[in-house]
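The structure file data14.cif is reproduced below (mmCIF, C-alpha atoms).
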data_run
loop_
_atom_site.label_atom_id
_atom_site.label_comp_id
_atom_site.auth_asym_id
_atom_site.auth_seq_id
_atom_site.Cartn_x
_atom_site.Cartn_y
_atom_site.Cartn_z
CA MET A 1 -135.47 -61.21 287.85
CA ALA A 2 -136.31 -63.95 290.30
CA GLY A 3 -136.42 -67.65 290.93
CA VAL A 4 -139.53 -69.68 291.69
CA VAL A 5 -140.05 -72.25 294.44
CA LEU A 6 -142.99 -74.65 294.64
CA GLU A 7 -143.27 -76.72 297.80
CA ASN A 8 -145.58 -79.74 298.06
CA ILE A 9 -148.15 -78.24 295.71
CA LYS A 10 -151.48 -80.01 295.40
CA LYS A 11 -154.58 -79.04 293.43
CA ASN A 12 -157.95 -80.77 293.67
CA PHE A 13 -160.95 -80.17 291.42
CA ASP A 14 -164.20 -81.70 292.72
CA GLY A 15 -162.44 -84.72 294.18
CA PHE A 16 -160.01 -85.09 291.25
CA THR A 17 -156.34 -84.48 292.00
CA ALA A 18 -154.86 -82.59 289.04
CA VAL A 19 -151.47 -81.92 290.65
CA ASN A 20 -150.03 -83.81 293.61
CA ASN A 21 -146.90 -83.55 295.74
CA PHE A 22 -145.20 -81.15 293.32
CA THR A 23 -141.94 -79.69 294.62
CA LEU A 24 -139.57 -77.75 292.38
CA GLU A 25 -136.97 -75.00 292.75
CA ILE A 26 -136.26 -72.89 289.65
CA LYS A 27 -133.19 -70.69 289.75
CA ASP A 28 -133.10 -67.04 288.74
CA GLY A 29 -132.51 -66.88 284.96
CA GLU A 30 -133.20 -70.57 284.38
CA PHE A 31 -135.27 -71.98 281.50
CA VAL A 32 -137.36 -74.86 282.83
CA THR A 33 -139.94 -76.80 280.83
CA LEU A 34 -142.90 -78.73 282.21
CA LEU A 35 -143.29 -81.62 279.78
CA GLY A 36 -145.92 -84.32 279.62
CA PRO A 37 -149.02 -85.61 277.84
CA SER A 38 -152.34 -83.77 277.77
CA GLY A 39 -154.04 -83.81 281.17
CA CYS A 40 -150.86 -84.44 283.17
CA GLY A 41 -151.20 -81.23 285.23
CA LYS A 42 -148.56 -79.04 283.62
CA THR A 43 -150.88 -76.15 282.66
CA THR A 44 -152.60 -76.34 286.06
CA THR A 45 -149.17 -75.98 287.67
CA LEU A 46 -148.35 -72.99 285.47
CA ARG A 47 -151.67 -71.33 286.34
CA MET A 48 -150.97 -71.77 290.05
CA ILE A 49 -147.63 -69.99 289.58
CA ALA A 50 -149.42 -67.23 287.67
CA GLY A 51 -152.10 -66.90 290.33
CA PHE A 52 -155.03 -67.71 288.04
CA ILE A 53 -155.95 -70.57 290.36
CA GLU A 54 -155.06 -71.18 294.01
CA PRO A 55 -153.39 -74.41 295.16
CA THR A 56 -155.33 -76.66 297.50
CA GLU A 57 -152.16 -77.25 299.52
CA GLY A 58 -148.53 -76.14 299.45
CA SER A 59 -146.84 -72.84 298.74
CA VAL A 60 -145.58 -70.86 295.75
CA SER A 61 -142.78 -68.30 296.07
CA ILE A 62 -141.49 -65.87 293.45
CA GLY A 63 -138.17 -64.43 294.51
CA GLU A 64 -138.22 -63.97 298.27
CA ARG A 65 -141.99 -63.48 298.36
CA ILE A 66 -144.59 -66.16 299.12
CA VAL A 67 -147.44 -65.55 296.67
CA SER A 68 -149.65 -68.57 297.47
CA ASN A 69 -150.03 -70.49 300.72
CA PRO A 70 -153.54 -71.65 301.68
CA ALA A 71 -152.42 -72.75 305.15
CA GLY A 72 -151.15 -69.25 305.85
CA HIS A 73 -154.09 -67.57 304.10
CA ILE A 74 -151.72 -65.97 301.59
CA PHE A 75 -152.80 -65.31 298.03
CA VAL A 76 -151.26 -62.56 295.91
CA PRO A 77 -153.36 -61.79 292.79
CA PRO A 78 -151.78 -62.24 289.33
CA GLU A 79 -151.39 -58.52 288.63
CA GLU A 80 -149.20 -58.13 291.73
CA ARG A 81 -146.84 -61.04 290.96
CA ASN A 82 -144.82 -59.26 288.24
CA ILE A 83 -145.07 -62.10 285.76
CA GLY A 84 -145.33 -62.13 281.98
CA MET A 85 -147.74 -64.62 280.42
CA VAL A 86 -147.79 -65.92 276.84
CA PHE A 87 -150.70 -68.15 275.85
CA GLN A 88 -151.27 -70.78 273.17
CA THR A 89 -153.56 -68.34 271.39
CA TYR A 90 -151.62 -65.14 270.86
CA ALA A 91 -154.35 -62.97 272.48
CA VAL A 92 -153.32 -60.05 270.25
CA TRP A 93 -156.11 -57.48 269.97
CA PRO A 94 -157.09 -57.16 266.29
CA HIS A 95 -158.37 -53.54 266.56
CA MET A 96 -155.04 -52.22 267.88
CA ASN A 97 -151.84 -51.77 265.94
CA ILE A 98 -148.76 -53.61 267.16
CA LEU A 99 -147.32 -50.68 269.08
CA ASP A 100 -150.58 -50.20 271.00
CA ASN A 101 -150.84 -53.95 271.65
CA VAL A 102 -147.39 -54.04 273.21
CA ALA A 103 -147.76 -50.77 275.11
CA TYR A 104 -151.15 -51.67 276.57
CA PRO A 105 -149.89 -53.12 279.90
CA LEU A 106 -148.06 -49.83 280.55
CA LYS A 107 -151.24 -47.91 279.71
CA ILE A 108 -153.06 -49.88 282.41
CA LYS A 109 -150.29 -48.85 284.81
CA LYS A 110 -150.91 -45.22 283.76
CA ILE A 111 -147.40 -44.75 282.37
CA ALA A 112 -147.12 -41.58 280.29
CA ARG A 113 -147.89 -42.09 276.59
CA ARG A 114 -144.45 -41.00 275.40
CA ASN A 115 -142.64 -43.26 277.83
CA ARG A 116 -144.77 -46.33 277.14
CA TYR A 117 -144.36 -46.01 273.37
CA LYS A 118 -140.62 -45.56 273.74
CA LYS A 119 -140.44 -48.74 275.83
CA ALA A 120 -142.71 -50.59 273.38
CA GLU A 121 -140.43 -49.71 270.47
CA GLN A 122 -137.42 -50.97 272.42
CA VAL A 123 -139.12 -54.28 273.18
CA LEU A 124 -140.23 -54.68 269.55
CA GLU A 125 -136.59 -54.30 268.53
CA LEU A 126 -135.72 -57.00 271.03
CA VAL A 127 -138.13 -59.46 269.38
CA GLN A 128 -137.02 -58.47 265.87
CA LEU A 129 -140.14 -56.46 265.00
CA GLY A 130 -138.52 -53.05 264.90
CA GLY A 131 -140.26 -50.59 262.56
CA MET A 132 -143.46 -52.67 262.40
CA GLY A 133 -145.37 -50.94 265.20
CA LYS A 134 -147.96 -49.31 262.92
CA ARG A 135 -149.06 -52.62 261.39
CA TYR A 136 -152.14 -54.51 262.56
CA PRO A 137 -152.23 -58.18 263.60
CA HIS A 138 -153.92 -59.31 260.36
CA GLN A 139 -150.90 -57.95 258.48
CA LEU A 140 -148.50 -60.24 260.39
CA SER A 141 -147.63 -63.92 260.08
CA GLY A 142 -148.33 -66.33 262.91
CA GLY A 143 -144.72 -66.17 264.03
CA GLN A 144 -144.75 -62.38 264.07
CA GLN A 145 -147.97 -62.35 266.10
CA GLN A 146 -146.31 -64.67 268.59
CA ARG A 147 -143.40 -62.22 268.85
CA VAL A 148 -145.93 -59.48 269.61
CA ALA A 149 -147.29 -61.60 272.45
CA LEU A 150 -143.74 -62.10 273.74
CA ALA A 151 -143.02 -58.38 273.53
CA ARG A 152 -146.20 -57.53 275.44
CA ALA A 153 -145.18 -59.97 278.19
CA LEU A 154 -141.66 -58.52 278.35
CA ILE A 155 -142.58 -54.84 278.47
CA MET A 156 -143.30 -54.94 282.20
CA ASP A 157 -139.78 -56.28 282.95
CA PRO A 158 -141.31 -59.36 284.61
CA HIS A 159 -139.52 -61.39 287.23
CA VAL A 160 -140.74 -64.56 285.52
CA MET A 161 -142.09 -65.40 282.06
CA LEU A 162 -144.73 -68.16 281.82
CA LEU A 163 -145.33 -69.68 278.38
CA ASP A 164 -148.20 -72.12 277.84
CA GLU A 165 -147.71 -74.10 274.58
CA PRO A 166 -147.01 -70.86 272.67
CA LEU A 167 -145.87 -72.52 269.43
CA SER A 168 -148.56 -75.15 268.92
CA ASN A 169 -150.46 -73.04 266.35
CA LEU A 170 -147.43 -72.55 264.09
CA ASP A 171 -146.36 -74.73 261.18
CA ALA A 172 -143.47 -77.14 261.73
CA LYS A 173 -140.70 -75.05 260.15
CA LEU A 174 -141.72 -71.82 261.88
CA ARG A 175 -142.14 -73.67 265.17
CA GLU A 176 -138.55 -74.88 264.96
CA GLN A 177 -137.31 -71.35 264.17
CA MET A 178 -139.23 -69.84 267.08
CA ARG A 179 -137.74 -72.36 269.53
CA PHE A 180 -134.30 -70.90 268.97
CA GLU A 181 -135.57 -67.31 268.94
CA ILE A 182 -137.24 -67.74 272.34
CA LYS A 183 -134.10 -69.28 273.78
CA GLU A 184 -131.93 -66.46 272.38
CA LEU A 185 -134.38 -63.91 273.76
CA GLN A 186 -134.10 -65.50 277.18
CA LYS A 187 -130.30 -65.37 277.00
CA ARG A 188 -130.36 -61.67 276.09
CA THR A 189 -132.83 -60.66 278.79
CA GLY A 190 -131.83 -63.10 281.54
CA VAL A 191 -135.48 -63.58 282.48
CA THR A 192 -136.57 -66.76 284.25
CA ILE A 193 -138.80 -68.81 281.93
CA ILE A 194 -141.22 -71.60 282.81
CA TYR A 195 -142.45 -73.23 279.63
CA VAL A 196 -145.25 -75.76 279.16
CA THR A 197 -145.39 -78.18 276.23
CA HIS A 198 -146.22 -81.74 275.25
CA ASP A 199 -143.65 -81.54 272.44
CA GLN A 200 -140.43 -83.26 273.52
CA ALA A 201 -138.42 -81.65 270.70
CA GLU A 202 -139.35 -78.18 271.97
CA ALA A 203 -138.39 -79.12 275.51
CA MET A 204 -135.06 -80.62 274.48
CA ALA A 205 -134.12 -77.72 272.20
CA MET A 206 -134.69 -74.92 274.71
CA SER A 207 -134.54 -76.09 278.30
CA ASP A 208 -131.85 -75.87 280.92
CA ARG A 209 -133.88 -78.50 282.79
CA ILE A 210 -136.96 -80.55 281.98
CA VAL A 211 -139.66 -81.61 284.44
CA VAL A 212 -141.45 -84.69 283.08
CA MET A 213 -144.99 -85.04 284.45
CA ASN A 214 -147.66 -87.72 284.33
CA ARG A 215 -151.01 -87.89 286.11
CA GLY A 216 -150.26 -84.79 288.14
CA GLU A 217 -146.92 -85.94 289.53
CA ILE A 218 -143.28 -85.35 288.69
CA GLN A 219 -141.65 -88.38 287.08
CA GLN A 220 -138.16 -86.94 286.62
CA ILE A 221 -136.30 -83.64 286.74
CA GLY A 222 -133.03 -83.23 284.87
CA LYS A 223 -131.04 -81.83 282.01
CA THR A 224 -131.86 -82.95 278.49
CA GLU A 225 -129.07 -85.53 278.39
CA GLU A 226 -130.07 -87.03 281.74
CA ILE A 227 -133.72 -87.34 280.77
CA TYR A 228 -132.90 -88.98 277.44
CA GLU A 229 -129.99 -91.23 278.41
CA LYS A 230 -130.98 -92.13 281.97
CA PRO A 231 -134.79 -92.08 282.19
CA ALA A 232 -136.00 -92.67 285.72
CA ASN A 233 -138.78 -95.07 284.78
CA LYS A 234 -140.57 -96.73 281.89
CA PHE A 235 -142.94 -93.79 281.39
CA VAL A 236 -140.09 -91.31 280.92
CA ALA A 237 -138.19 -93.69 278.64
CA ASP A 238 -141.27 -94.16 276.48
CA PHE A 239 -142.29 -90.49 276.41
CA ILE A 240 -138.89 -89.03 275.55
CA GLY A 241 -137.80 -90.09 272.07
CA LEU A 242 -138.26 -93.53 270.53
CA ILE A 243 -137.37 -96.68 272.39
CA ASN A 244 -137.81 -100.43 272.06
CA PHE A 245 -139.14 -102.52 274.94
CA ILE A 246 -138.13 -106.16 274.60
CA PRO A 247 -139.25 -108.83 277.11
CA CYS A 248 -136.35 -111.02 278.24
CA ARG A 249 -135.57 -113.88 280.61
CA VAL A 250 -132.36 -113.78 282.65
CA SER A 251 -130.05 -116.80 282.47
CA ARG A 252 -129.38 -118.78 285.63
CA ASP A 253 -125.75 -117.72 285.72
CA ARG A 254 -126.85 -114.09 285.09
CA ARG A 255 -124.40 -113.73 282.22
CA SER A 256 -126.93 -113.50 279.41
CA LEU A 257 -130.48 -112.61 278.38
CA PHE A 258 -132.93 -114.66 276.36
CA ILE A 259 -135.34 -112.66 274.20
CA ARG A 260 -138.87 -113.96 274.65
CA GLY A 261 -141.00 -114.21 271.54
CA ALA A 262 -137.96 -114.36 269.27
CA GLY A 263 -137.01 -118.00 269.69
CA ASN A 264 -135.31 -117.32 273.05
CA VAL A 265 -132.25 -115.94 271.25
CA GLU A 266 -129.41 -115.44 273.72
CA ILE A 267 -127.55 -112.13 274.19
CA GLU A 268 -124.39 -112.15 276.27
CA TYR A 269 -124.74 -109.53 278.98
CA PRO A 270 -123.66 -109.41 282.66
CA VAL A 271 -127.06 -109.01 284.32
CA PRO A 272 -127.02 -107.03 287.62
CA GLU A 273 -128.02 -109.01 290.69
CA GLU A 274 -130.83 -106.60 291.59
CA LEU A 275 -132.78 -107.50 288.45
CA GLY A 276 -135.34 -110.29 288.64
CA ASP A 277 -135.59 -113.33 286.39
CA ASP A 278 -137.92 -111.57 283.94
CA VAL A 279 -136.98 -108.08 282.71
CA LEU A 280 -138.07 -105.53 280.13
CA LEU A 281 -135.02 -104.57 278.11
CA SER A 282 -135.14 -101.09 276.60
CA VAL A 283 -132.84 -99.79 273.89
CA ARG A 284 -133.02 -96.78 271.56
CA PRO A 285 -133.34 -97.31 267.76
CA GLU A 286 -130.03 -95.51 267.15
CA ASP A 287 -128.24 -97.96 269.47
CA ILE A 288 -128.99 -100.93 267.21
CA ASP A 289 -127.23 -101.93 264.00
CA LEU A 290 -128.35 -104.14 261.13
CA GLN A 291 -126.04 -106.51 259.29
CA GLU A 292 -126.33 -109.19 256.64
CA TYR A 293 -128.15 -112.32 257.77
CA SER A 294 -126.16 -114.58 260.11
CA ARG A 295 -127.39 -117.43 262.28
CA LYS A 296 -125.06 -116.29 265.08
CA ASN A 297 -127.19 -113.24 265.89
CA LEU A 298 -130.80 -112.29 266.49
CA VAL A 299 -132.46 -112.64 263.10
CA GLY A 300 -135.43 -110.60 261.89
CA THR A 301 -137.27 -109.55 258.74
CA VAL A 302 -137.48 -105.97 257.50
CA THR A 303 -141.20 -105.15 257.40
CA ARG A 304 -141.05 -101.38 256.87
CA VAL A 305 -138.48 -98.88 255.58
CA THR A 306 -139.05 -95.13 256.00
CA TYR A 307 -136.62 -92.61 254.53
CA PHE A 308 -136.36 -89.31 256.43
CA GLY A 309 -133.34 -87.83 254.64
CA ASN A 310 -130.93 -87.69 257.57
CA ILE A 311 -131.94 -91.14 258.85
CA VAL A 312 -133.61 -94.31 257.63
CA ASP A 313 -136.12 -95.87 260.02
CA TYR A 314 -136.53 -99.65 259.86
CA LEU A 315 -139.16 -101.81 261.51
CA ILE A 316 -137.79 -105.30 262.07
CA ARG A 317 -139.88 -108.23 263.22
CA ALA A 318 -137.94 -110.92 265.08
CA GLY A 319 -140.50 -113.65 265.75
CA ASP A 320 -143.25 -111.85 267.68
CA VAL A 321 -140.97 -108.96 268.71
CA PRO A 322 -141.11 -105.64 266.75
CA ILE A 323 -137.85 -103.66 266.82
CA ARG A 324 -137.30 -100.12 265.54
CA VAL A 325 -133.84 -99.39 264.15
CA GLN A 326 -132.49 -96.09 262.79
CA LEU A 327 -129.46 -95.97 260.49
CA LYS A 328 -127.85 -93.18 258.48
CA GLU A 329 -128.11 -94.98 255.14
CA LYS A 330 -130.61 -97.13 253.32
CA GLU A 331 -128.96 -100.53 253.19
CA PHE A 332 -131.91 -102.94 253.26
CA THR A 333 -135.37 -103.23 251.72
CA GLU A 334 -138.66 -104.74 252.85
CA GLY A 335 -138.52 -108.52 253.06
CA ASP A 336 -134.77 -108.72 253.71
CA ARG A 337 -133.59 -111.10 256.41
CA VAL A 338 -131.11 -109.29 258.65
CA SER A 339 -129.08 -109.71 261.82
CA VAL A 340 -129.93 -107.35 264.68
CA ILE A 341 -126.87 -106.17 266.64
CA PHE A 342 -127.37 -104.34 269.95
CA ASP A 343 -125.04 -101.87 271.64
CA CYS A 344 -125.20 -103.56 275.04
CA LYS A 345 -123.62 -100.55 276.79
CA LYS A 346 -126.87 -98.63 276.15
CA PHE A 347 -129.21 -101.20 277.71
CA LEU A 348 -131.75 -100.06 280.27
CA PHE A 349 -134.07 -102.31 282.25
CA TYR A 350 -137.53 -101.89 283.74
#
Could you quickly redo this structure as structure tokens?
Amino acid sequence: MAGVVLENIKKNFDGFTAVNNFTLEIKDGEFVTLLGPSGCGKTTTLRMIAGFIEPTEGSVSIGERIVSNPAGHIFVPPEERNIGMVFQTYAVWPHMNILDNVAYPLKIKKIARRNRYKKAEQVLELVQLGGMGKRYPHQLSGGQQQRVALARALIMDPHVMLLDEPLSNLDAKLREQMRFEIKELQKRTGVTIIYVTHDQAEAMAMSDRIVVMNRGEIQQIGKTEEIYEKPANKFVADFIGLINFIPCRVSRDRRSLFIRGAGNVEIEYPVPEELGDDVLLSVRPEDIDLQEYSRKNLVGTVTRVTYFGNIVDYLIRAGDVPIRVQLKEKEFTEGDRVSVIFDCKKFLFY
């Protein structure tokens, strides 16, 4: 196994910068996810690690070996990097049975037939497909085909596994199941995994660390809790989970906030000196409570109620300000006038 180091990576395509100033150190055995919207550069970064494309600037190291460095005229081809790659499309050959699919990389390496089939059977057991080697891809579910792709990537005992949105073609329930299976597989094998997704739930369920990207640059690197509870900027706060952004004016004595667009309702809060006179207050829906109407608090009208089973999602309109609130029980209905109570300890400002 091995770690991965990217130093000041940059990739240009015909004058367009897809990845810029990307520096990241991934430890041996770590599960790191590159997370961001479509077009943010995460797949381009993964392909530079794999060796499918060469960086314009910077260096990539796998273990102690530099595998890409344009300045030093170093470029190690993908087949010599000892990586395993799993794509969004399973890339399982339909004319081969599962055992042959998984054993194929060893066939290319001219490993003896008996030895490669023995190893393929062991890896199929590892991904919970033991005894299914004689089946063909059309006889498997989407989740089972994805396990075949994982097994084929693992059979070469790669230093690093690279997964590019591998669950996006699965239905919601199977996708959730496979998240935990991939994480358990990583724990059992100890392989370093770099995972690409735009799905924040996937990233939060599996990752040791998350790298949030936007427009080719890193916005924040951290553990799940850090990314969610202490987002580095407005983009990260907005991309990870649900959040309300509420425009406010700071009082002269800096001991309260006035919510603009909601009748300048005052909220007592010791405002830090470094904040300006106009701020964007952010607060998560679960950090807000609703109570019976009272003139003492911010007052709003329930305009939408959505029941999700484990939570009830409310959309409240306070003047011109929309506020999302999530509670465990359904206590109000559309049209109700309610008081909006904030947990001020959870406030963030941008």
At a cut-off of 12 Å, can you tabulate as CSV every residue of stretch 94-168 of chain A near stretch 51-63 of chain A together with its closest atom pair and the distance in Å to one decimal, using all atoms listed in the file and ordering rows by chain then number?
residue,atom,partner,partner_atom,distance
A:Pro158,CA,A:Ile62,CA,11.0
A:His159,CA,A:Ile62,CA,7.9
A:Val160,CA,A:Ile62,CA,8.1
A:Met161,CA,A:Ile62,CA,11.4
A:Leu162,CA,A:Gly51,CA,11.3
### Task
Excluding A:Leu280 and residues on its chain fewer than 3 positions from it, collect all residues at most 6 Å away from it, counting all atoms listed in the file, and give them as a PyMOL selection string.
chain A and resi 246-247+349-350
### Message
Between atom CA of A:Val76 and atom CA of A:Glu64, what is the distance in Å, rounded to a tenth?
### Response
13.3 Å
### Query
What is the distance, in Å and to one decimal place, between atom CA of A:Asp336 and atom CA of A:Thr301?
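These atoms are spaced 5.7 Å apart.
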### Task
Return the single residue from A:Gly15, A:Pro77, A:Gly319, A:Pro231 that is closest to A:Arg260, with distances computed using all atoms listed in the file.
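Among the listed residues, the smallest separation from A:Arg260 belongs to A:Gly319.
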### Query
Taking the file as shown, what set of residues would the PyMOL selection byres ((chain A and resi 133-150) around 10) give back, as a ChimeraX atom specification?
/A:84-102,117,120-121,123-132,151-155,161,163,166-167,169-171,174-175,177-178,181-182,185
Generate a file of the selected residues that holds C-alpha atoms, formatted as a short mmCIF file (atom, residue, chain, number, x, y, z; two decimals), keeping the file's coordinate frame.
data_model
loop_
_atom_site.label_atom_id
_atom_site.label_comp_id
_atom_site.auth_asym_id
_atom_site.auth_seq_id
_atom_site.Cartn_x
_atom_site.Cartn_y
_atom_site.Cartn_z
CA GLY A 84 -145.33 -62.13 281.98
CA MET A 85 -147.74 -64.62 280.42
CA VAL A 86 -147.79 -65.92 276.84
CA PHE A 87 -150.70 -68.15 275.85
CA GLN A 88 -151.27 -70.78 273.17
CA THR A 89 -153.56 -68.34 271.39
CA TYR A 90 -151.62 -65.14 270.86
CA ALA A 91 -154.35 -62.97 272.48
CA VAL A 92 -153.32 -60.05 270.25
CA TRP A 93 -156.11 -57.48 269.97
CA PRO A 94 -157.09 -57.16 266.29
CA HIS A 95 -158.37 -53.54 266.56
CA MET A 96 -155.04 -52.22 267.88
CA ASN A 97 -151.84 -51.77 265.94
CA ILE A 98 -148.76 -53.61 267.16
CA LEU A 99 -147.32 -50.68 269.08
CA ASP A 100 -150.58 -50.20 271.00
CA ASN A 101 -150.84 -53.95 271.65
CA VAL A 102 -147.39 -54.04 273.21
CA TYR A 117 -144.36 -46.01 273.37
CA ALA A 120 -142.71 -50.59 273.38
CA GLU A 121 -140.43 -49.71 270.47
CA VAL A 123 -139.12 -54.28 273.18
CA LEU A 124 -140.23 -54.68 269.55
CA GLU A 125 -136.59 -54.30 268.53
CA LEU A 126 -135.72 -57.00 271.03
CA VAL A 127 -138.13 -59.46 269.38
CA GLN A 128 -137.02 -58.47 265.87
CA LEU A 129 -140.14 -56.46 265.00
CA GLY A 130 -138.52 -53.05 264.90
CA GLY A 131 -140.26 -50.59 262.56
CA MET A 132 -143.46 -52.67 262.40
CA ALA A 151 -143.02 -58.38 273.53
CA ARG A 152 -146.20 -57.53 275.44
CA ALA A 153 -145.18 -59.97 278.19
CA LEU A 154 -141.66 -58.52 278.35
CA ILE A 155 -142.58 -54.84 278.47
CA MET A 161 -142.09 -65.40 282.06
CA LEU A 163 -145.33 -69.68 278.38
CA PRO A 166 -147.01 -70.86 272.67
CA LEU A 167 -145.87 -72.52 269.43
CA ASN A 169 -150.46 -73.04 266.35
CA LEU A 170 -147.43 -72.55 264.09
CA ASP A 171 -146.36 -74.73 261.18
CA LEU A 174 -141.72 -71.82 261.88
CA ARG A 175 -142.14 -73.67 265.17
CA GLN A 177 -137.31 -71.35 264.17
CA MET A 178 -139.23 -69.84 267.08
CA GLU A 181 -135.57 -67.31 268.94
CA ILE A 182 -137.24 -67.74 272.34
CA LEU A 185 -134.38 -63.91 273.76
#
### Query
Pick from A:Lys223, A:Arg337, A:Lys330, A:Arg114: nearest to A:Tyr293, with only C-alpha atoms counted?
A:Arg337
Could you list, as a PDB file with C-alpha atoms, keeping the file's coordinate frame, every residue within 10 Å of A:Glu217, counting all atoms listed in the file and ignoring same-chain residues fewer than 3 positions away?
ATOM      1  CA  ILE A   9    -148.150 -78.240 295.710  1.00  0.00           C
ATOM      2  CA  LYS A  10    -151.480 -80.010 295.400  1.00  0.00           C
ATOM      3  CA  THR A  17    -156.340 -84.480 292.000  1.00  0.00           C
ATOM      4  CA  ALA A  18    -154.860 -82.590 289.040  1.00  0.00           C
ATOM      5  CA  VAL A  19    -151.470 -81.920 290.650  1.00  0.00           C
ATOM      6  CA  ASN A  20    -150.030 -83.810 293.610  1.00  0.00           C
ATOM      7  CA  ASN A  21    -146.900 -83.550 295.740  1.00  0.00           C
ATOM      8  CA  PHE A  22    -145.200 -81.150 293.320  1.00  0.00           C
ATOM      9  CA  THR A  23    -141.940 -79.690 294.620  1.00  0.00           C
ATOM     10  CA  CYS A  40    -150.860 -84.440 283.170  1.00  0.00           C
ATOM     11  CA  GLY A  41    -151.200 -81.230 285.230  1.00  0.00           C
ATOM     12  CA  LYS A  42    -148.560 -79.040 283.620  1.00  0.00           C
ATOM     13  CA  VAL A 211    -139.660 -81.610 284.440  1.00  0.00           C
ATOM     14  CA  VAL A 212    -141.450 -84.690 283.080  1.00  0.00           C
ATOM     15  CA  MET A 213    -144.990 -85.040 284.450  1.00  0.00           C
ATOM     16  CA  ASN A 214    -147.660 -87.720 284.330  1.00  0.00           C
ATOM     17  CA  GLN A 220    -138.160 -86.940 286.620  1.00  0.00           C
TER      18      GLN A 220
END
### Query
How many Å separate atom CA of A:Gly222 from atom CA of A:Tyr269?
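The value is 28.2 Å.
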Contacts of A:Ser282 at 12 Å or less, counting only C-alpha atoms, minus same-chain residues fewer than 2 places along, as a short mmCIF file (atom, residue, chain, number, x, y, z; two decimals) with C-alpha atoms, keeping the file's coordinate frame?
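See out.cif below for the written result:
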data_model
loop_
_atom_site.label_atom_id
_atom_site.label_comp_id
_atom_site.auth_asym_id
_atom_site.auth_seq_id
_atom_site.Cartn_x
_atom_site.Cartn_y
_atom_site.Cartn_z
CA GLU A 229 -129.99 -91.23 278.41
CA LYS A 230 -130.98 -92.13 281.97
CA PRO A 231 -134.79 -92.08 282.19
CA ASN A 233 -138.78 -95.07 284.78
CA LYS A 234 -140.57 -96.73 281.89
CA PHE A 235 -142.94 -93.79 281.39
CA VAL A 236 -140.09 -91.31 280.92
CA ALA A 237 -138.19 -93.69 278.64
CA ASP A 238 -141.27 -94.16 276.48
CA LEU A 242 -138.26 -93.53 270.53
CA ILE A 243 -137.37 -96.68 272.39
CA ASN A 244 -137.81 -100.43 272.06
CA PHE A 245 -139.14 -102.52 274.94
CA ILE A 246 -138.13 -106.16 274.60
CA PRO A 247 -139.25 -108.83 277.11
CA CYS A 248 -136.35 -111.02 278.24
CA ILE A 259 -135.34 -112.66 274.20
CA VAL A 279 -136.98 -108.08 282.71
CA LEU A 280 -138.07 -105.53 280.13
CA ARG A 284 -133.02 -96.78 271.56
CA PRO A 285 -133.34 -97.31 267.76
CA ASP A 287 -128.24 -97.96 269.47
CA ILE A 288 -128.99 -100.93 267.21
CA ILE A 323 -137.85 -103.66 266.82
CA ARG A 324 -137.30 -100.12 265.54
CA PHE A 342 -127.37 -104.34 269.95
CA ASP A 343 -125.04 -101.87 271.64
CA CYS A 344 -125.20 -103.56 275.04
CA LYS A 345 -123.62 -100.55 276.79
CA LYS A 346 -126.87 -98.63 276.15
CA PHE A 347 -129.21 -101.20 277.71
CA LEU A 348 -131.75 -100.06 280.27
CA PHE A 349 -134.07 -102.31 282.25
CA TYR A 350 -137.53 -101.89 283.74
#
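Closest to A:Phe180 among A:Ala205, A:Val305, A:Val338, A:Ile194 is A:Ala205, based on all atoms listed in the file.
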Using the chain letters and residue numbers of this document, give as a short mmCIF file (atom, residue, chain, number, x, y, z; two decimals) with C-alpha atoms, in the frame of the given file the residues selected by the PyMOL selection byres ((chain A and resi 341) around 8).
data_model
loop_
_atom_site.label_atom_id
_atom_site.label_comp_id
_atom_site.auth_asym_id
_atom_site.auth_seq_id
_atom_site.Cartn_x
_atom_site.Cartn_y
_atom_site.Cartn_z
CA ILE A 288 -128.99 -100.93 267.21
CA ASP A 289 -127.23 -101.93 264.00
CA LEU A 290 -128.35 -104.14 261.13
CA GLN A 291 -126.04 -106.51 259.29
CA ASN A 297 -127.19 -113.24 265.89
CA LEU A 298 -130.80 -112.29 266.49
CA SER A 339 -129.08 -109.71 261.82
CA VAL A 340 -129.93 -107.35 264.68
CA PHE A 342 -127.37 -104.34 269.95
CA ASP A 343 -125.04 -101.87 271.64
#
### Query
What's the 8 Å shell around stretch 251-256 of chain A, counting all atoms listed in the file, without same-chain residues fewer than 4 positions away, as a PyMOL selection string?
chain A and resi 266-273+277
### Message
Using only C-alpha atoms, can you tell me which of A:Gln186, A:Thr192, A:Thr303, A:Gln326 comes closest to A:Glu286?
### Response
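Looking at the shortest contact to A:Glu286, the residue is A:Gln326.
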### Task
Could you state which residues are captured by the PyMOL selection byres ((chain A and resi 31) around 7) in this file, as number ranges by chain?
A: 29-30, 32-33, 192-194, 207-209
